[in-house]
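Engineer: Structure file entry_33.csv, CSV, C-alpha atoms and all ligand atoms, is pasted below:
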chain,number,residue,atom,x,y,z
A,1,MET,CA,-24.5,0.7,-10.6
A,2,THR,CA,-22.1,3.5,-11.1
A,3,PRO,CA,-18.5,3.0,-9.9
A,4,GLU,CA,-19.2,5.4,-7.0
A,5,GLU,CA,-22.2,3.3,-6.0
A,6,GLN,CA,-20.1,0.2,-6.2
A,7,ARG,CA,-17.4,1.7,-4.0
A,8,ALA,CA,-20.0,2.8,-1.4
A,9,GLU,CA,-21.3,-0.7,-1.3
A,10,LEU,CA,-17.8,-2.2,-1.0
A,11,VAL,CA,-16.9,0.2,1.9
A,12,ALA,CA,-20.2,-0.6,3.6
A,13,SER,CA,-19.4,-4.3,3.5
A,14,LEU,CA,-15.8,-3.8,4.7
A,15,GLU,CA,-17.1,-1.7,7.6
A,16,GLN,CA,-19.1,-4.7,8.8
A,17,ARG,CA,-15.9,-6.7,9.3
A,18,GLU,CA,-13.3,-4.1,10.2
A,19,SER,CA,-13.5,-1.0,12.3
A,20,LEU,CA,-12.5,1.7,9.9
A,21,SER,CA,-11.8,5.4,10.6
A,22,GLN,CA,-13.6,8.0,8.5
A,23,ARG,CA,-10.2,8.9,7.0
A,24,THR,CA,-9.7,5.4,5.7
A,25,LYS,CA,-13.3,5.2,4.4
A,26,ASP,CA,-13.1,8.5,2.6
A,27,ALA,CA,-9.8,7.5,1.0
A,28,LEU,CA,-11.4,4.2,-0.3
A,29,LEU,CA,-14.5,6.0,-1.5
A,30,ALA,CA,-12.3,8.5,-3.4
A,31,VAL,CA,-10.0,6.3,-5.4
A,32,PRO,CA,-11.5,4.7,-8.6
A,33,ARG,CA,-10.1,1.2,-8.2
A,34,HIS,CA,-11.5,0.2,-11.6
A,35,GLU,CA,-9.2,2.6,-13.3
A,36,PHE,CA,-6.1,0.7,-11.9
A,37,VAL,CA,-7.1,-2.8,-13.0
A,38,PRO,CA,-6.7,-4.2,-16.5
A,39,GLU,CA,-9.7,-3.9,-18.9
A,40,GLN,CA,-10.6,-7.5,-18.6
A,41,HIS,CA,-11.0,-7.3,-14.8
A,42,ARG,CA,-12.8,-4.0,-14.6
A,43,SER,CA,-16.2,-5.7,-13.8
A,44,GLU,CA,-14.6,-7.3,-10.7
A,45,ALA,CA,-12.9,-4.1,-9.5
A,46,TYR,CA,-15.2,-3.6,-6.5
A,47,ARG,CA,-15.2,-7.2,-5.3
A,48,ASP,CA,-13.0,-7.6,-2.2
A,49,ARG,CA,-10.3,-9.7,-3.8
A,50,PRO,CA,-6.8,-9.3,-5.4
A,51,LEU,CA,-6.7,-9.1,-9.2
A,52,PRO,CA,-3.9,-9.7,-11.7
A,53,ILE,CA,-2.2,-6.6,-13.0
A,54,GLY,CA,0.4,-8.1,-15.3
A,55,ASP,CA,4.0,-9.3,-14.8
A,56,GLY,CA,2.7,-12.0,-12.5
A,57,GLN,CA,1.7,-9.4,-9.9
A,58,THR,CA,-1.6,-8.5,-8.2
A,59,ILE,CA,-3.4,-5.5,-6.8
A,60,SER,CA,-4.1,-6.1,-3.1
A,61,ALA,CA,-7.7,-6.8,-2.0
A,62,PRO,CA,-9.5,-3.7,-0.7
A,63,HIS,CA,-9.8,-5.0,2.8
A,64,MET,CA,-6.0,-5.4,3.0
A,65,VAL,CA,-5.4,-1.8,1.8
A,66,ALA,CA,-8.0,-0.7,4.4
A,67,ILE,CA,-6.3,-2.6,7.2
A,68,MET,CA,-2.9,-1.3,6.3
A,69,THR,CA,-4.1,2.3,6.0
A,70,GLU,CA,-5.6,2.0,9.5
A,71,LEU,CA,-2.4,0.5,11.0
A,72,LEU,CA,-0.2,3.2,9.5
A,73,GLU,CA,-2.2,5.9,11.5
A,74,LEU,CA,-1.3,8.5,9.0
A,75,SER,CA,-2.2,12.2,8.9
A,76,GLN,CA,-2.1,14.9,6.3
A,77,GLY,CA,1.4,16.1,5.5
A,78,GLU,CA,3.3,13.0,6.7
A,79,ARG,CA,5.8,11.5,4.3
A,80,VAL,CA,5.3,7.9,3.3
A,81,LEU,CA,7.4,5.4,1.4
A,82,GLU,CA,5.7,2.4,-0.3
A,83,ILE,CA,7.7,-0.6,-1.5
A,84,GLY,CA,5.8,-2.3,-4.4
A,85,THR,CA,3.9,0.2,-6.4
A,86,GLY,CA,2.2,-2.4,-8.6
A,87,CYS,CA,-0.6,-0.6,-10.4
A,88,GLY,CA,-0.5,2.4,-8.0
A,89,TYR,CA,-3.9,1.9,-6.4
A,90,HIS,CA,-2.6,1.6,-2.8
A,91,ALA,CA,-0.3,4.6,-3.3
A,92,ALA,CA,-3.4,6.6,-4.4
A,93,VAL,CA,-5.3,5.6,-1.3
A,94,THR,CA,-2.3,6.7,0.8
A,95,ALA,CA,-2.2,10.0,-1.1
A,96,GLU,CA,-5.8,10.7,-0.2
A,97,VAL,CA,-4.7,10.6,3.5
A,98,VAL,CA,-1.3,12.4,3.4
A,99,GLY,CA,-1.4,14.3,0.1
A,100,SER,CA,0.1,13.1,-3.2
A,101,GLU,CA,3.3,15.1,-2.9
A,102,ASN,CA,4.2,13.2,0.3
A,103,VAL,CA,4.0,9.7,-1.2
A,104,TYR,CA,7.1,8.0,-2.6
A,105,SER,CA,6.8,4.5,-4.1
A,106,VAL,CA,9.4,2.1,-5.5
A,107,GLU,CA,8.5,-0.7,-8.0
A,108,TYR,CA,10.9,-3.5,-9.1
A,109,HIS,CA,9.3,-4.0,-12.6
A,110,ASP,CA,10.0,-1.1,-15.0
A,111,SER,CA,6.8,-1.8,-16.9
A,112,LEU,CA,4.6,-1.6,-13.9
A,113,ALA,CA,6.3,1.5,-12.6
A,114,GLU,CA,5.8,3.1,-16.0
A,115,ARG,CA,2.1,2.1,-16.2
A,116,ALA,CA,1.4,3.2,-12.6
A,117,ARG,CA,2.9,6.6,-13.3
A,118,GLY,CA,0.6,7.1,-16.3
A,119,THR,CA,-2.5,6.0,-14.4
A,120,LEU,CA,-1.7,8.1,-11.4
A,121,GLN,CA,-1.0,11.2,-13.6
A,122,ALA,CA,-4.3,10.7,-15.5
A,123,LEU,CA,-6.3,10.5,-12.2
A,124,GLY,CA,-4.8,13.6,-10.6
A,125,TYR,CA,-2.2,11.8,-8.4
A,126,GLY,CA,0.7,13.0,-10.6
A,127,ASP,CA,2.6,14.4,-7.6
A,128,ILE,CA,3.2,10.9,-6.2
A,129,SER,CA,6.8,10.0,-6.9
A,130,VAL,CA,7.3,6.5,-8.4
A,131,CYS,CA,10.7,5.1,-9.1
A,132,ALA,CA,11.7,1.8,-10.7
A,133,GLY,CA,14.3,0.0,-8.6
A,134,ASP,CA,14.9,-2.3,-5.7
A,135,GLY,CA,12.8,-1.4,-2.8
A,136,LYS,CA,15.1,-3.2,-0.4
A,137,GLN,CA,17.3,-0.1,-0.6
A,138,GLY,CA,14.4,2.2,0.2
A,139,TRP,CA,14.7,5.7,-1.1
A,140,PRO,CA,17.7,7.2,0.8
A,141,GLU,CA,17.6,10.6,-1.0
A,142,GLN,CA,14.1,11.2,0.3
A,143,ALA,CA,14.5,9.8,3.8
A,144,PRO,CA,13.5,10.0,6.6
A,145,PHE,CA,9.9,8.9,6.2
A,146,ASP,CA,7.1,9.1,8.8
A,147,ALA,CA,5.9,5.7,7.7
A,148,ILE,CA,7.1,2.9,5.4
A,149,TYR,CA,5.0,0.0,4.1
A,150,LEU,CA,5.7,-3.0,1.9
A,151,THR,CA,3.1,-4.7,-0.3
A,152,CYS,CA,5.4,-7.7,-1.0
A,153,ALA,CA,6.7,-10.2,1.6
A,154,ALA,CA,10.2,-10.4,2.9
A,155,ALA,CA,11.8,-12.8,5.4
A,156,GLU,CA,12.5,-9.7,7.6
A,157,PHE,CA,12.3,-6.0,7.0
A,158,PRO,CA,15.5,-4.9,5.1
A,159,SER,CA,17.7,-2.7,7.3
A,160,PRO,CA,17.8,0.3,5.0
A,161,LEU,CA,14.0,0.6,5.5
A,162,ARG,CA,14.5,0.6,9.3
A,163,GLU,CA,17.1,3.3,9.0
A,164,GLN,CA,15.0,5.5,6.7
A,165,LEU,CA,12.1,5.5,9.2
A,166,ALA,CA,11.7,8.6,11.5
A,167,ALA,CA,11.4,8.1,15.2
A,168,GLY,CA,7.7,7.5,16.2
A,169,GLY,CA,7.0,6.1,12.7
A,170,HIS,CA,5.5,2.7,11.7
A,171,LEU,CA,7.1,0.1,9.4
A,172,LEU,CA,4.4,-2.2,8.2
A,173,GLY,CA,4.3,-5.2,5.9
A,174,PRO,CA,4.0,-9.0,5.4
A,175,VAL,CA,6.9,-11.0,6.9
A,176,GLY,CA,7.6,-14.6,6.1
A,177,ASP,CA,7.6,-16.8,2.9
A,178,THR,CA,4.5,-18.8,2.2
A,179,GLN,CA,2.9,-18.3,5.6
A,180,GLN,CA,3.2,-14.5,6.2
A,181,ILE,CA,2.3,-12.4,9.2
A,182,LEU,CA,1.4,-8.7,8.9
A,183,VAL,CA,4.0,-7.0,11.2
A,184,ARG,CA,4.0,-3.5,12.4
A,185,MET,CA,7.2,-2.1,13.9
A,186,THR,CA,7.2,1.2,15.6
A,187,LYS,CA,10.5,3.1,16.0
A,188,THR,CA,11.1,4.5,19.4
A,189,ALA,CA,12.9,7.7,20.3
A,190,GLU,CA,15.9,5.5,21.3
A,191,ASN,CA,15.9,4.0,17.8
A,192,ARG,CA,14.6,0.7,19.0
A,193,PHE,CA,11.7,-1.2,17.4
A,194,GLU,CA,8.5,-2.4,19.0
A,195,ARG,CA,7.0,-5.3,17.1
A,196,GLU,CA,3.3,-6.2,16.8
A,197,GLU,CA,1.7,-8.9,14.8
A,198,HIS,CA,-1.6,-8.4,13.0
A,199,GLY,CA,-2.6,-11.8,11.6
A,200,TYR,CA,-1.9,-14.0,8.7
A,201,VAL,CA,-1.8,-12.5,5.2
A,202,ARG,CA,-0.8,-13.5,1.7
A,203,PHE,CA,1.3,-11.2,-0.6
A,204,VAL,CA,3.7,-11.7,-3.5
A,205,PRO,CA,7.3,-12.1,-2.5
A,206,LEU,CA,9.8,-9.2,-2.3
A,207,ARG,CA,12.5,-9.7,-4.9
B,1,LIG,N1,0.5,-1.8,-3.9
B,1,LIG,C1,0.2,-2.5,-5.1
B,1,LIG,C2,0.3,-4.0,-4.9
B,1,LIG,C3,1.4,-4.6,-5.8
B,1,LIG,S1,1.9,-6.3,-5.5
B,1,LIG,C4,-1.1,-2.1,-5.8
B,1,LIG,O1,-1.9,-1.3,-5.2
B,1,LIG,O2,-1.4,-2.6,-6.9
B,1,LIG,C5,3.5,-6.0,-4.9
B,1,LIG,C6,4.5,-5.4,-5.9
B,1,LIG,O3,5.8,-5.4,-5.3
B,1,LIG,C7,4.6,-6.0,-7.2
B,1,LIG,O4,4.3,-5.1,-8.2
B,1,LIG,C8,6.1,-6.4,-7.3
B,1,LIG,O5,6.7,-6.2,-8.6
B,1,LIG,C9,6.7,-5.4,-6.3
B,1,LIG,N2,8.0,-5.8,-5.8
B,1,LIG,C10,8.5,-7.1,-5.5
B,1,LIG,N3,9.8,-7.0,-5.1
B,1,LIG,C11,10.1,-5.7,-5.1
B,1,LIG,C12,11.3,-5.0,-4.7
B,1,LIG,N4,12.4,-5.6,-4.3
B,1,LIG,N5,11.3,-3.6,-4.8
B,1,LIG,C13,10.2,-3.0,-5.3
B,1,LIG,N6,9.1,-3.6,-5.6
B,1,LIG,C14,9.0,-4.9,-5.5
Render the structure in this file as structure tokens.

Structural biologist:
Amino acid sequence: MTPEEQRAELVASLEQRESLSQRTKDALLAVPRHEFVPEQHRSEAYRDRPLPIGDGQTISAPHMVAIMTELLELSQGERVLEIGTGCGYHAAVTAEVVGSENVYSVEYHDSLAERARGTLQALGYGDISVCAGDGKQGWPEQAPFDAIYLTCAAAEFPSPLREQLAAGGHLLGPVGDTQQILVRMTKTAENRFEREEHGYVRFVPLR
């Protein structure tokens, strides 16, 4: 099977378990996940599971990327901040929805940030901005963002991220230590946050 056929099969199977919008499905169909995973895991790239990407980190399972893309309710042109670039796959999926120039991503490990930049550039996502640093600080120079998501788990959402979110936007990510809940906070016009929980999840910790 070609990678395109494998992606189509993966998306078809995800669709049986989750209700996915056309936008999310198109994004998952467009991004070549196999190009983001290390050589030795390429054959597993279209299984619905996380895979190691080096530095003790993992690329999220496709269903998790799909669910998060749905929950962010993004549209073309919205500006998005990701905390935890990893290999860059999730950022590329987000870029398919909002446009590469609107995606900003912070990665703690220099080596991963460097590699993600190279991969994204090679695959036509070079307009995504990747910076190596501590995501707990967000990216103040580029704020505000219409949406912010974390792909690593914190005890609570760091306050700079709450501040850098525009009114009406969603802040999404795993909250907790070993037992984590996917939490979506929506910032109201009065700068308050409405909190919703979206089930148990498992992510690497935020440093
Ligand atoms: N979105 C990624 C998933 C990466 S796993 C992908 O598609 O591959 C989570 C990532 O968060 C790891 O790469 C880890 O190094 C990073 N991370 C952990 N703590 C961080 C912090 N404080 N700031 C930025 N990134 C962090």

Engineer: Using only C-alpha atoms and all ligand atoms, find each residue with an atom at most 9 Å away from ligand LIG 1 (chain B) and format the answer as an NGL selection string.

Structural biologist: :A and (36-37 or 50-61 or 65 or 82-93 or 105-110 or 112-113 or 116 or 131-138 or 150-154 or 203-207)

Engineer: Taking C-alpha atoms for each residue, export the selection above as a PDB file, keeping the file's coordinate frame.

Structural biologist:
ATOM      1  CA  PHE A  36      -6.100   0.700 -11.900  1.00  0.00           C
ATOM      2  CA  VAL A  37      -7.100  -2.800 -13.000  1.00  0.00           C
ATOM      3  CA  PRO A  50      -6.800  -9.300  -5.400  1.00  0.00           C
ATOM      4  CA  LEU A  51      -6.700  -9.100  -9.200  1.00  0.00           C
ATOM      5  CA  PRO A  52      -3.900  -9.700 -11.700  1.00  0.00           C
ATOM      6  CA  ILE A  53      -2.200  -6.600 -13.000  1.00  0.00           C
ATOM      7  CA  GLY A  54       0.400  -8.100 -15.300  1.00  0.00           C
ATOM      8  CA  ASP A  55       4.000  -9.300 -14.800  1.00  0.00           C
ATOM      9  CA  GLY A  56       2.700 -12.000 -12.500  1.00  0.00           C
ATOM     10  CA  GLN A  57       1.700  -9.400  -9.900  1.00  0.00           C
ATOM     11  CA  THR A  58      -1.600  -8.500  -8.200  1.00  0.00           C
ATOM     12  CA  ILE A  59      -3.400  -5.500  -6.800  1.00  0.00           C
ATOM     13  CA  SER A  60      -4.100  -6.100  -3.100  1.00  0.00           C
ATOM     14  CA  ALA A  61      -7.700  -6.800  -2.000  1.00  0.00           C
ATOM     15  CA  VAL A  65      -5.400  -1.800   1.800  1.00  0.00           C
ATOM     16  CA  GLU A  82       5.700   2.400  -0.300  1.00  0.00           C
ATOM     17  CA  ILE A  83       7.700  -0.600  -1.500  1.00  0.00           C
ATOM     18  CA  GLY A  84       5.800  -2.300  -4.400  1.00  0.00           C
ATOM     19  CA  THR A  85       3.900   0.200  -6.400  1.00  0.00           C
ATOM     20  CA  GLY A  86       2.200  -2.400  -8.600  1.00  0.00           C
ATOM     21  CA  CYS A  87      -0.600  -0.600 -10.400  1.00  0.00           C
ATOM     22  CA  GLY A  88      -0.500   2.400  -8.000  1.00  0.00           C
ATOM     23  CA  TYR A  89      -3.900   1.900  -6.400  1.00  0.00           C
ATOM     24  CA  HIS A  90      -2.600   1.600  -2.800  1.00  0.00           C
ATOM     25  CA  ALA A  91      -0.300   4.600  -3.300  1.00  0.00           C
ATOM     26  CA  ALA A  92      -3.400   6.600  -4.400  1.00  0.00           C
ATOM     27  CA  VAL A  93      -5.300   5.600  -1.300  1.00  0.00           C
ATOM     28  CA  SER A 105       6.800   4.500  -4.100  1.00  0.00           C
ATOM     29  CA  VAL A 106       9.400   2.100  -5.500  1.00  0.00           C
ATOM     30  CA  GLU A 107       8.500  -0.700  -8.000  1.00  0.00           C
ATOM     31  CA  TYR A 108      10.900  -3.500  -9.100  1.00  0.00           C
ATOM     32  CA  HIS A 109       9.300  -4.000 -12.600  1.00  0.00           C
ATOM     33  CA  ASP A 110      10.000  -1.100 -15.000  1.00  0.00           C
ATOM     34  CA  LEU A 112       4.600  -1.600 -13.900  1.00  0.00           C
ATOM     35  CA  ALA A 113       6.300   1.500 -12.600  1.00  0.00           C
ATOM     36  CA  ALA A 116       1.400   3.200 -12.600  1.00  0.00           C
ATOM     37  CA  CYS A 131      10.700   5.100  -9.100  1.00  0.00           C
ATOM     38  CA  ALA A 132      11.700   1.800 -10.700  1.00  0.00           C
ATOM     39  CA  GLY A 133      14.300   0.000  -8.600  1.00  0.00           C
ATOM     40  CA  ASP A 134      14.900  -2.300  -5.700  1.00  0.00           C
ATOM     41  CA  GLY A 135      12.800  -1.400  -2.800  1.00  0.00           C
ATOM     42  CA  LYS A 136      15.100  -3.200  -0.400  1.00  0.00           C
ATOM     43  CA  GLN A 137      17.300  -0.100  -0.600  1.00  0.00           C
ATOM     44  CA  GLY A 138      14.400   2.200   0.200  1.00  0.00           C
ATOM     45  CA  LEU A 150       5.700  -3.000   1.900  1.00  0.00           C
ATOM     46  CA  THR A 151       3.100  -4.700  -0.300  1.00  0.00           C
ATOM     47  CA  CYS A 152       5.400  -7.700  -1.000  1.00  0.00           C
ATOM     48  CA  ALA A 153       6.700 -10.200   1.600  1.00  0.00           C
ATOM     49  CA  ALA A 154      10.200 -10.400   2.900  1.00  0.00           C
ATOM     50  CA  PHE A 203       1.300 -11.200  -0.600  1.00  0.00           C
ATOM     51  CA  VAL A 204       3.700 -11.700  -3.500  1.00  0.00           C
ATOM     52  CA  PRO A 205       7.300 -12.100  -2.500  1.00  0.00           C
ATOM     53  CA  LEU A 206       9.800  -9.200  -2.300  1.00  0.00           C
ATOM     54  CA  ARG A 207      12.500  -9.700  -4.900  1.00  0.00           C
TER      55      ARG A 207
END

Engineer: Let me make sure I understand: among A:Ser100, A:Gln164, A:Glu197, A:His41, which one has the smallest atom-to-atom distance to Gln121 of chain A if we use all atoms listed in the file?

Structural biologist: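 Going through A:Ser100, A:Gln164, A:Glu197, A:His41 one by one, the smallest distance to Gln121 of chain A is for A:Ser100.
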
Engineer: What lies within 12 Å of segment 188-194 of chain A using all atoms listed in the file, ignoring chain neighbours under 6 positions off, as a list of chain:residue names?

Structural biologist: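 Once the adjacent positions are removed, what remains is A:Phe157, A:Ser159, A:Arg162, A:Glu163, A:Gln164, A:Leu165, A:Ala166, A:Ala167, A:Gly168, A:Gly169, A:His170, A:Leu171, A:Leu172.
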
Engineer: Grab the atom CA of Glu156 of chain A to atom CA of Leu28 of chain A distance for me, in Å with one decimal place.

Structural biologist: 28.8 Å

Engineer: My list of candidates is A:Leu81, A:Leu120, A:Arg49, A:Arg195. Which is closest to Leu161 of chain A when distances are computed with all atoms listed in the file?

Structural biologist: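 Ranking A:Leu81, A:Leu120, A:Arg49, A:Arg195 by distance to Leu161 of chain A, first place goes to A:Leu81.
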
Engineer: Hey, can you check how far atom CA of Pro174 of chain A sits from atom CA of Gly77 of chain A?

Structural biologist: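 Computing it gives 25.2 Å between the two atoms.
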
Engineer: Just how far from atom CA of Leu14 of chain A is atom CA of Tyr125 of chain A, in Å to one decimal?

Structural biologist: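 Distance between the two atoms: 24.5 Å.
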
Engineer: Taking all atoms listed in the file into account, name the residue in A:Ala30, A:Leu182, A:Ala155, A:Ile148 that is nearest to Gly124 of chain A.

Structural biologist: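 For Gly124 of chain A, the nearest of the candidates is A:Ala30.
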
Engineer: Could you check which of A:Arg79, A:Ala45, A:Ser111, A:Gly199 is closest to Ile67 of chain A, using all atoms listed in the file?

Structural biologist: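 Among A:Arg79, A:Ala45, A:Ser111, A:Gly199, it is A:Gly199 that comes nearest to Ile67 of chain A.
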